[in-house]
file run-v3.txt (compact mmCIF, N, CA and C atoms)
# COMPACT_ATOMS: atom_id res chain seq x y z
N GLN A 264 -5.34 13.31 1.71
CA GLN A 264 -4.30 12.28 1.83
C GLN A 264 -4.90 11.06 2.51
N ALA A 265 -4.72 9.89 1.87
CA ALA A 265 -5.26 8.66 2.42
C ALA A 265 -4.49 8.25 3.66
N GLN A 266 -5.24 7.88 4.69
CA GLN A 266 -4.62 7.49 5.95
C GLN A 266 -5.45 6.44 6.64
N LEU A 267 -4.77 5.47 7.25
CA LEU A 267 -5.41 4.45 8.07
C LEU A 267 -4.83 4.54 9.48
N VAL A 268 -5.70 4.50 10.47
CA VAL A 268 -5.25 4.58 11.86
C VAL A 268 -5.88 3.44 12.65
N GLU A 269 -5.04 2.57 13.22
CA GLU A 269 -5.53 1.47 14.04
C GLU A 269 -5.58 1.90 15.50
N SER A 270 -6.49 1.28 16.23
CA SER A 270 -6.58 1.49 17.68
C SER A 270 -7.22 0.26 18.30
N GLY A 271 -7.15 0.18 19.62
CA GLY A 271 -7.84 -0.89 20.33
C GLY A 271 -6.94 -1.99 20.86
N GLY A 272 -5.66 -1.92 20.56
CA GLY A 272 -4.75 -2.94 21.09
C GLY A 272 -4.54 -2.78 22.58
N GLY A 273 -3.85 -3.75 23.15
CA GLY A 273 -3.57 -3.69 24.58
C GLY A 273 -3.14 -5.03 25.12
N LEU A 274 -3.12 -5.12 26.45
CA LEU A 274 -2.75 -6.35 27.15
C LEU A 274 -4.02 -7.07 27.59
N VAL A 275 -4.11 -8.34 27.29
CA VAL A 275 -5.29 -9.12 27.65
C VAL A 275 -4.84 -10.51 28.10
N GLN A 276 -5.58 -11.12 28.99
CA GLN A 276 -5.26 -12.46 29.46
C GLN A 276 -5.69 -13.50 28.44
N PRO A 277 -5.06 -14.65 28.42
CA PRO A 277 -5.51 -15.74 27.53
C PRO A 277 -6.98 -16.03 27.73
N GLY A 278 -7.68 -16.22 26.63
CA GLY A 278 -9.12 -16.43 26.67
C GLY A 278 -9.93 -15.15 26.57
N GLY A 279 -9.26 -14.01 26.66
CA GLY A 279 -9.94 -12.73 26.62
C GLY A 279 -10.24 -12.26 25.22
N SER A 280 -10.80 -11.04 25.13
CA SER A 280 -11.22 -10.47 23.85
C SER A 280 -10.71 -9.05 23.70
N LEU A 281 -10.54 -8.65 22.45
CA LEU A 281 -10.23 -7.27 22.11
C LEU A 281 -10.93 -6.95 20.79
N ARG A 282 -11.26 -5.67 20.60
CA ARG A 282 -11.77 -5.22 19.31
C ARG A 282 -10.85 -4.14 18.78
N LEU A 283 -10.27 -4.41 17.63
CA LEU A 283 -9.42 -3.44 16.97
C LEU A 283 -10.24 -2.63 15.98
N SER A 284 -9.87 -1.37 15.82
CA SER A 284 -10.51 -0.48 14.85
C SER A 284 -9.49 0.01 13.84
N CYS A 285 -9.95 0.17 12.61
CA CYS A 285 -9.13 0.73 11.53
C CYS A 285 -9.95 1.86 10.92
N ALA A 286 -9.61 3.08 11.27
CA ALA A 286 -10.35 4.25 10.79
C ALA A 286 -9.63 4.86 9.59
N ALA A 287 -10.39 5.08 8.54
CA ALA A 287 -9.82 5.65 7.32
C ALA A 287 -10.18 7.12 7.20
N SER A 288 -9.27 7.89 6.62
CA SER A 288 -9.56 9.28 6.30
C SER A 288 -8.99 9.58 4.92
N GLY A 289 -9.66 10.48 4.21
CA GLY A 289 -9.18 10.89 2.90
C GLY A 289 -9.70 10.06 1.74
N PHE A 290 -10.45 8.99 2.05
CA PHE A 290 -11.02 8.16 0.98
C PHE A 290 -12.14 7.30 1.58
N PRO A 291 -13.08 6.84 0.75
CA PRO A 291 -14.19 6.00 1.25
C PRO A 291 -13.75 4.55 1.38
N LEU A 292 -13.59 4.11 2.61
CA LEU A 292 -13.06 2.77 2.85
C LEU A 292 -13.96 1.68 2.28
N ASN A 293 -15.25 1.95 2.14
CA ASN A 293 -16.16 0.90 1.68
C ASN A 293 -15.99 0.56 0.20
N ARG A 294 -15.14 1.28 -0.51
CA ARG A 294 -14.87 0.94 -1.91
C ARG A 294 -13.66 0.03 -2.05
N PHE A 295 -13.03 -0.27 -0.92
CA PHE A 295 -11.78 -1.01 -0.96
C PHE A 295 -11.83 -2.24 -0.07
N ALA A 296 -11.22 -3.33 -0.56
CA ALA A 296 -10.99 -4.45 0.34
C ALA A 296 -10.08 -3.98 1.47
N THR A 297 -10.33 -4.49 2.66
CA THR A 297 -9.51 -4.13 3.82
C THR A 297 -9.07 -5.40 4.53
N ALA A 298 -7.80 -5.48 4.82
CA ALA A 298 -7.25 -6.66 5.48
C ALA A 298 -6.57 -6.27 6.79
N TRP A 299 -6.55 -7.23 7.68
CA TRP A 299 -5.75 -7.13 8.91
C TRP A 299 -4.59 -8.11 8.79
N PHE A 300 -3.41 -7.61 9.11
CA PHE A 300 -2.21 -8.43 9.18
C PHE A 300 -1.65 -8.32 10.59
N ARG A 301 -0.78 -9.26 10.93
CA ARG A 301 -0.06 -9.15 12.20
C ARG A 301 1.37 -9.60 11.99
N GLN A 302 2.22 -9.08 12.85
CA GLN A 302 3.63 -9.46 12.79
C GLN A 302 4.19 -9.56 14.19
N ALA A 303 4.63 -10.76 14.53
CA ALA A 303 5.26 -11.01 15.82
C ALA A 303 6.78 -10.89 15.66
N PRO A 304 7.49 -10.61 16.74
CA PRO A 304 8.96 -10.48 16.65
C PRO A 304 9.59 -11.73 16.04
N GLY A 305 10.43 -11.52 15.05
CA GLY A 305 11.14 -12.63 14.42
C GLY A 305 10.32 -13.45 13.45
N LYS A 306 9.07 -13.02 13.20
CA LYS A 306 8.20 -13.77 12.28
C LYS A 306 7.79 -12.91 11.10
N GLU A 307 7.36 -13.55 10.03
CA GLU A 307 6.87 -12.82 8.87
C GLU A 307 5.48 -12.26 9.14
N ARG A 308 5.16 -11.21 8.39
CA ARG A 308 3.82 -10.63 8.49
C ARG A 308 2.80 -11.64 7.97
N GLU A 309 1.70 -11.79 8.70
CA GLU A 309 0.69 -12.80 8.42
C GLU A 309 -0.67 -12.15 8.28
N GLY A 310 -1.40 -12.48 7.21
CA GLY A 310 -2.75 -12.00 7.07
C GLY A 310 -3.68 -12.77 7.97
N VAL A 311 -4.56 -12.06 8.70
CA VAL A 311 -5.47 -12.75 9.62
C VAL A 311 -6.94 -12.52 9.28
N SER A 312 -7.25 -11.59 8.41
CA SER A 312 -8.63 -11.44 7.97
C SER A 312 -8.69 -10.43 6.83
N CYS A 313 -9.75 -10.55 6.05
CA CYS A 313 -9.96 -9.61 4.96
C CYS A 313 -11.45 -9.51 4.69
N ILE A 314 -11.91 -8.32 4.35
CA ILE A 314 -13.30 -8.09 4.00
C ILE A 314 -13.34 -7.36 2.67
N ARG A 315 -14.19 -7.85 1.77
CA ARG A 315 -14.30 -7.21 0.47
C ARG A 315 -15.05 -5.90 0.58
N SER A 316 -14.95 -5.10 -0.46
CA SER A 316 -15.58 -3.79 -0.44
C SER A 316 -17.08 -3.89 -0.19
N SER A 317 -17.70 -4.93 -0.72
CA SER A 317 -19.15 -5.10 -0.53
C SER A 317 -19.48 -5.43 0.91
N GLY A 318 -18.52 -5.96 1.64
CA GLY A 318 -18.77 -6.39 3.00
C GLY A 318 -19.43 -7.75 3.10
N GLU A 319 -19.77 -8.33 1.96
CA GLU A 319 -20.50 -9.60 1.97
C GLU A 319 -19.57 -10.80 2.09
N SER A 320 -18.30 -10.62 1.77
CA SER A 320 -17.37 -11.74 1.81
C SER A 320 -16.23 -11.42 2.76
N THR A 321 -15.95 -12.39 3.63
CA THR A 321 -14.84 -12.26 4.58
C THR A 321 -13.98 -13.51 4.51
N TYR A 322 -12.73 -13.36 4.89
CA TYR A 322 -11.77 -14.44 4.75
C TYR A 322 -10.88 -14.49 5.98
N TYR A 323 -10.55 -15.72 6.40
CA TYR A 323 -9.70 -15.94 7.56
C TYR A 323 -8.80 -17.14 7.32
N PRO A 324 -7.59 -17.12 7.83
CA PRO A 324 -6.78 -18.34 7.81
C PRO A 324 -7.25 -19.28 8.92
N ASP A 325 -6.87 -20.52 8.85
CA ASP A 325 -7.29 -21.51 9.84
C ASP A 325 -6.87 -21.13 11.26
N SER A 326 -5.76 -20.41 11.38
CA SER A 326 -5.22 -20.09 12.70
C SER A 326 -6.15 -19.21 13.53
N VAL A 327 -7.05 -18.46 12.88
CA VAL A 327 -7.94 -17.57 13.62
C VAL A 327 -9.41 -17.82 13.32
N LYS A 328 -9.71 -18.69 12.39
CA LYS A 328 -11.10 -18.94 11.99
C LYS A 328 -11.91 -19.39 13.20
N GLY A 329 -13.08 -18.79 13.35
CA GLY A 329 -13.94 -19.10 14.48
C GLY A 329 -13.66 -18.26 15.71
N ARG A 330 -12.54 -17.55 15.72
CA ARG A 330 -12.20 -16.70 16.86
C ARG A 330 -12.21 -15.22 16.50
N PHE A 331 -11.84 -14.90 15.27
CA PHE A 331 -11.76 -13.50 14.81
C PHE A 331 -12.92 -13.23 13.86
N THR A 332 -13.43 -11.99 13.92
CA THR A 332 -14.50 -11.56 13.02
C THR A 332 -14.20 -10.15 12.53
N ILE A 333 -14.20 -9.99 11.21
CA ILE A 333 -13.97 -8.68 10.61
C ILE A 333 -15.31 -8.11 10.16
N SER A 334 -15.47 -6.79 10.30
CA SER A 334 -16.73 -6.16 9.92
C SER A 334 -16.48 -4.72 9.52
N ARG A 335 -17.50 -4.11 8.89
CA ARG A 335 -17.42 -2.71 8.46
C ARG A 335 -18.50 -1.88 9.11
N ASP A 336 -18.20 -0.62 9.33
CA ASP A 336 -19.22 0.38 9.65
C ASP A 336 -19.00 1.52 8.65
N ASN A 337 -19.77 1.48 7.57
CA ASN A 337 -19.54 2.45 6.50
C ASN A 337 -19.80 3.88 6.95
N ALA A 338 -20.75 4.07 7.84
CA ALA A 338 -21.05 5.41 8.33
C ALA A 338 -19.86 6.02 9.07
N LYS A 339 -19.05 5.16 9.70
CA LYS A 339 -17.88 5.63 10.45
C LYS A 339 -16.60 5.47 9.64
N ASN A 340 -16.72 4.96 8.41
CA ASN A 340 -15.54 4.76 7.56
C ASN A 340 -14.48 3.94 8.28
N THR A 341 -14.94 2.87 8.93
CA THR A 341 -14.09 2.09 9.83
C THR A 341 -14.32 0.60 9.61
N VAL A 342 -13.23 -0.16 9.73
CA VAL A 342 -13.30 -1.62 9.73
C VAL A 342 -12.84 -2.09 11.11
N TYR A 343 -13.51 -3.12 11.61
CA TYR A 343 -13.20 -3.65 12.94
C TYR A 343 -12.68 -5.08 12.84
N LEU A 344 -11.93 -5.47 13.85
CA LEU A 344 -11.52 -6.86 14.02
C LEU A 344 -11.84 -7.26 15.44
N GLN A 345 -12.87 -8.06 15.59
CA GLN A 345 -13.23 -8.61 16.91
C GLN A 345 -12.43 -9.88 17.13
N MET A 346 -11.68 -9.92 18.20
CA MET A 346 -10.82 -11.07 18.49
C MET A 346 -11.26 -11.69 19.82
N ASN A 347 -11.69 -12.93 19.76
CA ASN A 347 -12.14 -13.65 20.95
C ASN A 347 -11.23 -14.84 21.21
N SER A 348 -11.33 -15.39 22.40
CA SER A 348 -10.54 -16.58 22.78
C SER A 348 -9.06 -16.39 22.43
N LEU A 349 -8.54 -15.26 22.82
CA LEU A 349 -7.17 -14.93 22.45
C LEU A 349 -6.17 -15.87 23.13
N GLU A 350 -5.11 -16.14 22.40
CA GLU A 350 -4.06 -17.05 22.85
C GLU A 350 -2.73 -16.31 22.86
N PRO A 351 -1.77 -16.76 23.65
CA PRO A 351 -0.45 -16.09 23.64
C PRO A 351 0.15 -16.00 22.24
N GLU A 352 -0.17 -16.98 21.39
CA GLU A 352 0.36 -16.97 20.01
C GLU A 352 -0.22 -15.84 19.17
N ASP A 353 -1.26 -15.18 19.64
CA ASP A 353 -1.84 -14.04 18.92
C ASP A 353 -1.09 -12.74 19.21
N THR A 354 -0.14 -12.79 20.11
CA THR A 354 0.64 -11.60 20.43
C THR A 354 1.41 -11.12 19.21
N ALA A 355 1.20 -9.86 18.85
CA ALA A 355 1.83 -9.29 17.65
C ALA A 355 1.44 -7.83 17.53
N VAL A 356 2.06 -7.13 16.59
CA VAL A 356 1.57 -5.84 16.15
C VAL A 356 0.59 -6.09 15.02
N TYR A 357 -0.59 -5.51 15.13
CA TYR A 357 -1.65 -5.70 14.16
C TYR A 357 -1.77 -4.46 13.28
N TYR A 358 -1.85 -4.69 11.97
CA TYR A 358 -1.93 -3.62 10.98
C TYR A 358 -3.18 -3.82 10.11
N CYS A 359 -3.80 -2.71 9.71
CA CYS A 359 -4.81 -2.80 8.66
C CYS A 359 -4.21 -2.23 7.38
N ALA A 360 -4.78 -2.69 6.25
CA ALA A 360 -4.21 -2.31 4.97
C ALA A 360 -5.27 -2.34 3.89
N THR A 361 -5.11 -1.48 2.89
CA THR A 361 -5.99 -1.47 1.74
C THR A 361 -5.16 -1.33 0.46
N PRO A 362 -5.69 -1.83 -0.65
CA PRO A 362 -5.01 -1.59 -1.93
C PRO A 362 -5.34 -0.17 -2.41
N ASN A 363 -4.66 0.30 -3.44
CA ASN A 363 -4.95 1.63 -3.95
C ASN A 363 -5.95 1.58 -5.10
N ARG A 364 -6.47 0.38 -5.40
CA ARG A 364 -7.46 0.23 -6.48
C ARG A 364 -8.77 -0.22 -5.86
N PRO A 365 -9.85 0.53 -6.12
CA PRO A 365 -11.14 0.13 -5.54
C PRO A 365 -11.67 -1.16 -6.15
N TRP A 366 -12.55 -1.82 -5.40
CA TRP A 366 -13.26 -3.03 -5.83
C TRP A 366 -12.32 -4.22 -6.04
N LYS A 367 -11.07 -4.10 -5.67
CA LYS A 367 -10.13 -5.22 -5.80
C LYS A 367 -10.48 -6.26 -4.75
N GLY A 368 -10.24 -7.53 -5.08
CA GLY A 368 -10.57 -8.61 -4.16
C GLY A 368 -9.57 -8.76 -3.04
N CYS A 369 -9.86 -9.68 -2.14
CA CYS A 369 -9.01 -9.93 -0.98
C CYS A 369 -7.84 -10.85 -1.33
N THR A 370 -6.76 -10.65 -0.63
CA THR A 370 -5.61 -11.53 -0.69
C THR A 370 -4.89 -11.46 0.65
N PHE A 371 -4.16 -12.49 1.00
CA PHE A 371 -3.34 -12.46 2.21
C PHE A 371 -1.87 -12.23 1.87
N GLU A 372 -1.62 -11.80 0.63
CA GLU A 372 -0.28 -11.41 0.24
C GLU A 372 -0.09 -9.93 0.58
N SER A 373 0.88 -9.63 1.42
CA SER A 373 1.05 -8.24 1.85
C SER A 373 1.38 -7.32 0.69
N GLY A 374 1.99 -7.86 -0.37
CA GLY A 374 2.30 -7.05 -1.55
C GLY A 374 1.08 -6.56 -2.30
N GLY A 375 -0.08 -7.10 -1.98
CA GLY A 375 -1.31 -6.68 -2.63
C GLY A 375 -1.92 -5.42 -2.04
N TYR A 376 -1.26 -4.83 -1.05
CA TYR A 376 -1.80 -3.66 -0.35
C TYR A 376 -0.83 -2.49 -0.42
N ASP A 377 -1.41 -1.31 -0.54
CA ASP A 377 -0.61 -0.11 -0.76
C ASP A 377 -0.63 0.86 0.42
N TYR A 378 -1.71 0.86 1.17
CA TYR A 378 -1.84 1.76 2.31
C TYR A 378 -1.88 0.93 3.58
N TRP A 379 -1.07 1.35 4.54
CA TRP A 379 -0.95 0.63 5.81
C TRP A 379 -1.08 1.62 6.96
N GLY A 380 -1.68 1.14 8.03
CA GLY A 380 -1.68 1.93 9.25
C GLY A 380 -0.36 1.76 9.99
N GLN A 381 -0.28 2.42 11.14
CA GLN A 381 0.98 2.41 11.91
C GLN A 381 1.09 1.18 12.80
N GLY A 382 -0.01 0.48 12.99
CA GLY A 382 -0.01 -0.73 13.81
C GLY A 382 -0.43 -0.47 15.23
N THR A 383 -0.99 -1.51 15.86
CA THR A 383 -1.37 -1.45 17.27
C THR A 383 -0.93 -2.77 17.92
N GLN A 384 -0.33 -2.66 19.10
CA GLN A 384 0.24 -3.82 19.78
C GLN A 384 -0.85 -4.60 20.51
N VAL A 385 -0.87 -5.90 20.30
CA VAL A 385 -1.74 -6.81 21.05
C VAL A 385 -0.83 -7.78 21.80
N THR A 386 -0.99 -7.83 23.10
CA THR A 386 -0.21 -8.74 23.93
C THR A 386 -1.16 -9.62 24.73
N VAL A 387 -1.01 -10.93 24.56
CA VAL A 387 -1.86 -11.89 25.28
C VAL A 387 -0.96 -12.62 26.28
N SER A 388 -1.18 -12.34 27.54
CA SER A 388 -0.31 -12.90 28.57
C SER A 388 -1.03 -12.88 29.91
N SER A 389 -0.71 -13.88 30.73
CA SER A 389 -1.26 -13.90 32.09
C SER A 389 -0.30 -13.22 33.06
call {"tool": "encode", "arguments": {"input": "run-v3.txt", "output": "structure tokens"}}
result
Amino acid sequence: QAQLVESGGGLVQPGGSLRLSCAASGFPLNRFATAWFRQAPGKEREGVSCIRSSGESTYYPDSVKGRFTISRDNAKNTVYLQMNSLEPEDTAVYYCATPNRPWKGCTFESGGYDYWGQGTQVTVSS
């Protein structure tokens, strides 16, 4: 059974860093594009990064570009999101997601993904 499990969230001060992990089980994550989304209370779910199955192409919206970095560790079947220079506006529940079709490209449309983790809370506050 395909499963994604996020971890690494927590409380951090503005300007701080966190690394989120998305561990997959039941399927080889490196065959699938993997995206990170976030959702703050009262706001729509927003894509914040995506990495293609090859790992050679990554994508970010302007709101996080230069601060967030997505990467893969194929040996651990895990995708990471390194978040630096965190701001209070980054506070949200963060989710990882994959489509159910391998080799599919990246998109920031949440409808393009079929498997989702349970989410991990990130709170940026002093």
call {"tool": "residues_around", "arguments": {"input": "run-v3.txt", "residues": "range 343-357 of chain A", "least_positions_apart": "2", "cutoff": "5 Å", "atoms": "all atoms listed in the file", "output": "VMD selection string"}}
result
chain A and resid 277 to 285 300 to 303 330 to 335 341 359 382 to 387
call {"tool": "atom_distance", "arguments": {"input": "run-v3.txt", "atom1": "CA of Tyr378 in chain A", "atom2": "CA of Asn363 in chain A"}}
result
7.0 Å
call {"tool": "closest_residue", "arguments": {"input": "run-v3.txt", "among": "A:Trp379, A:Tyr358, A:Phe290, A:Tyr323", "to": "Val311 in chain A", "atoms": "all atoms listed in the file"}}
result
A:Tyr323
call {"tool": "atom_distance", "arguments": {"input": "run-v3.txt", "atom1": "CA of Leu267 in chain A", "atom2": "CA of Ser326 in chain A"}}
result
25.0 Å
call {"tool": "select_by_dssp", "arguments": {"input": "run-v3.txt", "residues": "chain A", "states": "helix (DSSP H, G or I)", "output": "list in words"}}
result
Leu292, Asn293, Arg294, Asn337, Ala338, Lys339, Pro351, Glu352, Asp353, Ser373, Gly374 and Gly375 of chain A
call {"tool": "build_atoms", "arguments": {"input": "run-v3.txt", "residues": "range 334-345 of chain A", "atoms": "all heavy atoms", "output": "compact mmCIF listing (two decimals), keeping the file's coordinate frame"}}
result
# COMPACT_ATOMS: atom_id res chain seq x y z
N SER A 334 -15.47 -6.79 10.30
CA SER A 334 -16.73 -6.16 9.92
C SER A 334 -16.48 -4.72 9.52
O SER A 334 -15.40 -4.17 9.79
CB SER A 334 -17.74 -6.23 11.07
OG SER A 334 -17.25 -5.52 12.20
N ARG A 335 -17.50 -4.11 8.89
CA ARG A 335 -17.42 -2.71 8.46
C ARG A 335 -18.50 -1.88 9.11
O ARG A 335 -19.60 -2.37 9.33
CB ARG A 335 -17.65 -2.60 6.95
CG ARG A 335 -16.62 -3.14 6.06
CD ARG A 335 -16.98 -2.81 4.61
NE ARG A 335 -15.98 -3.28 3.69
CZ ARG A 335 -14.86 -2.64 3.43
NH1 ARG A 335 -14.62 -1.48 4.01
NH2 ARG A 335 -13.99 -3.13 2.57
N ASP A 336 -18.20 -0.62 9.33
CA ASP A 336 -19.22 0.38 9.65
C ASP A 336 -19.00 1.52 8.65
O ASP A 336 -18.13 2.37 8.84
CB ASP A 336 -19.09 0.88 11.09
CG ASP A 336 -20.20 1.83 11.47
OD1 ASP A 336 -20.78 2.50 10.57
OD2 ASP A 336 -20.51 1.93 12.66
N ASN A 337 -19.77 1.48 7.57
CA ASN A 337 -19.54 2.45 6.50
C ASN A 337 -19.80 3.88 6.95
O ASN A 337 -19.15 4.82 6.48
CB ASN A 337 -20.41 2.11 5.29
CG ASN A 337 -20.00 0.80 4.65
OD1 ASN A 337 -18.84 0.39 4.73
ND2 ASN A 337 -20.95 0.14 4.01
N ALA A 338 -20.75 4.07 7.84
CA ALA A 338 -21.05 5.41 8.33
C ALA A 338 -19.86 6.02 9.07
O ALA A 338 -19.67 7.24 9.06
CB ALA A 338 -22.27 5.38 9.24
N LYS A 339 -19.05 5.16 9.70
CA LYS A 339 -17.88 5.63 10.45
C LYS A 339 -16.60 5.47 9.64
O LYS A 339 -15.52 5.80 10.15
CB LYS A 339 -17.76 4.87 11.77
CG LYS A 339 -18.92 5.14 12.73
CD LYS A 339 -18.71 4.43 14.06
CE LYS A 339 -19.86 4.78 15.01
NZ LYS A 339 -19.69 4.11 16.33
N ASN A 340 -16.72 4.96 8.41
CA ASN A 340 -15.54 4.76 7.56
C ASN A 340 -14.48 3.94 8.28
O ASN A 340 -13.28 4.25 8.25
CB ASN A 340 -14.95 6.10 7.11
CG ASN A 340 -14.34 6.03 5.72
OD1 ASN A 340 -14.75 5.23 4.88
ND2 ASN A 340 -13.37 6.88 5.47
N THR A 341 -14.94 2.87 8.93
CA THR A 341 -14.09 2.09 9.83
C THR A 341 -14.32 0.60 9.61
O THR A 341 -15.44 0.17 9.34
CB THR A 341 -14.40 2.46 11.29
OG1 THR A 341 -14.09 3.84 11.51
CG2 THR A 341 -13.56 1.62 12.26
N VAL A 342 -13.23 -0.16 9.73
CA VAL A 342 -13.30 -1.62 9.73
C VAL A 342 -12.84 -2.09 11.11
O VAL A 342 -11.89 -1.54 11.68
CB VAL A 342 -12.42 -2.20 8.62
CG1 VAL A 342 -12.21 -3.70 8.81
CG2 VAL A 342 -13.05 -1.94 7.25
N TYR A 343 -13.51 -3.12 11.61
CA TYR A 343 -13.20 -3.65 12.94
C TYR A 343 -12.68 -5.08 12.84
O TYR A 343 -12.99 -5.81 11.90
CB TYR A 343 -14.46 -3.65 13.81
CG TYR A 343 -15.06 -2.29 14.01
CD1 TYR A 343 -16.17 -1.89 13.25
CD2 TYR A 343 -14.52 -1.40 14.93
CE1 TYR A 343 -16.73 -0.63 13.43
CE2 TYR A 343 -15.08 -0.14 15.10
CZ TYR A 343 -16.17 0.24 14.35
OH TYR A 343 -16.72 1.49 14.52
N LEU A 344 -11.93 -5.47 13.85
CA LEU A 344 -11.52 -6.86 14.02
C LEU A 344 -11.84 -7.26 15.44
O LEU A 344 -11.18 -6.80 16.39
CB LEU A 344 -10.03 -7.05 13.73
CG LEU A 344 -9.56 -8.50 13.81
CD1 LEU A 344 -10.20 -9.34 12.70
CD2 LEU A 344 -8.04 -8.59 13.73
N GLN A 345 -12.87 -8.06 15.59
CA GLN A 345 -13.23 -8.61 16.91
C GLN A 345 -12.43 -9.88 17.13
O GLN A 345 -12.52 -10.81 16.31
CB GLN A 345 -14.73 -8.89 16.97
CG GLN A 345 -15.19 -9.50 18.29
CD GLN A 345 -15.06 -8.56 19.46
OE1 GLN A 345 -15.39 -7.39 19.35
NE2 GLN A 345 -14.57 -9.06 20.60
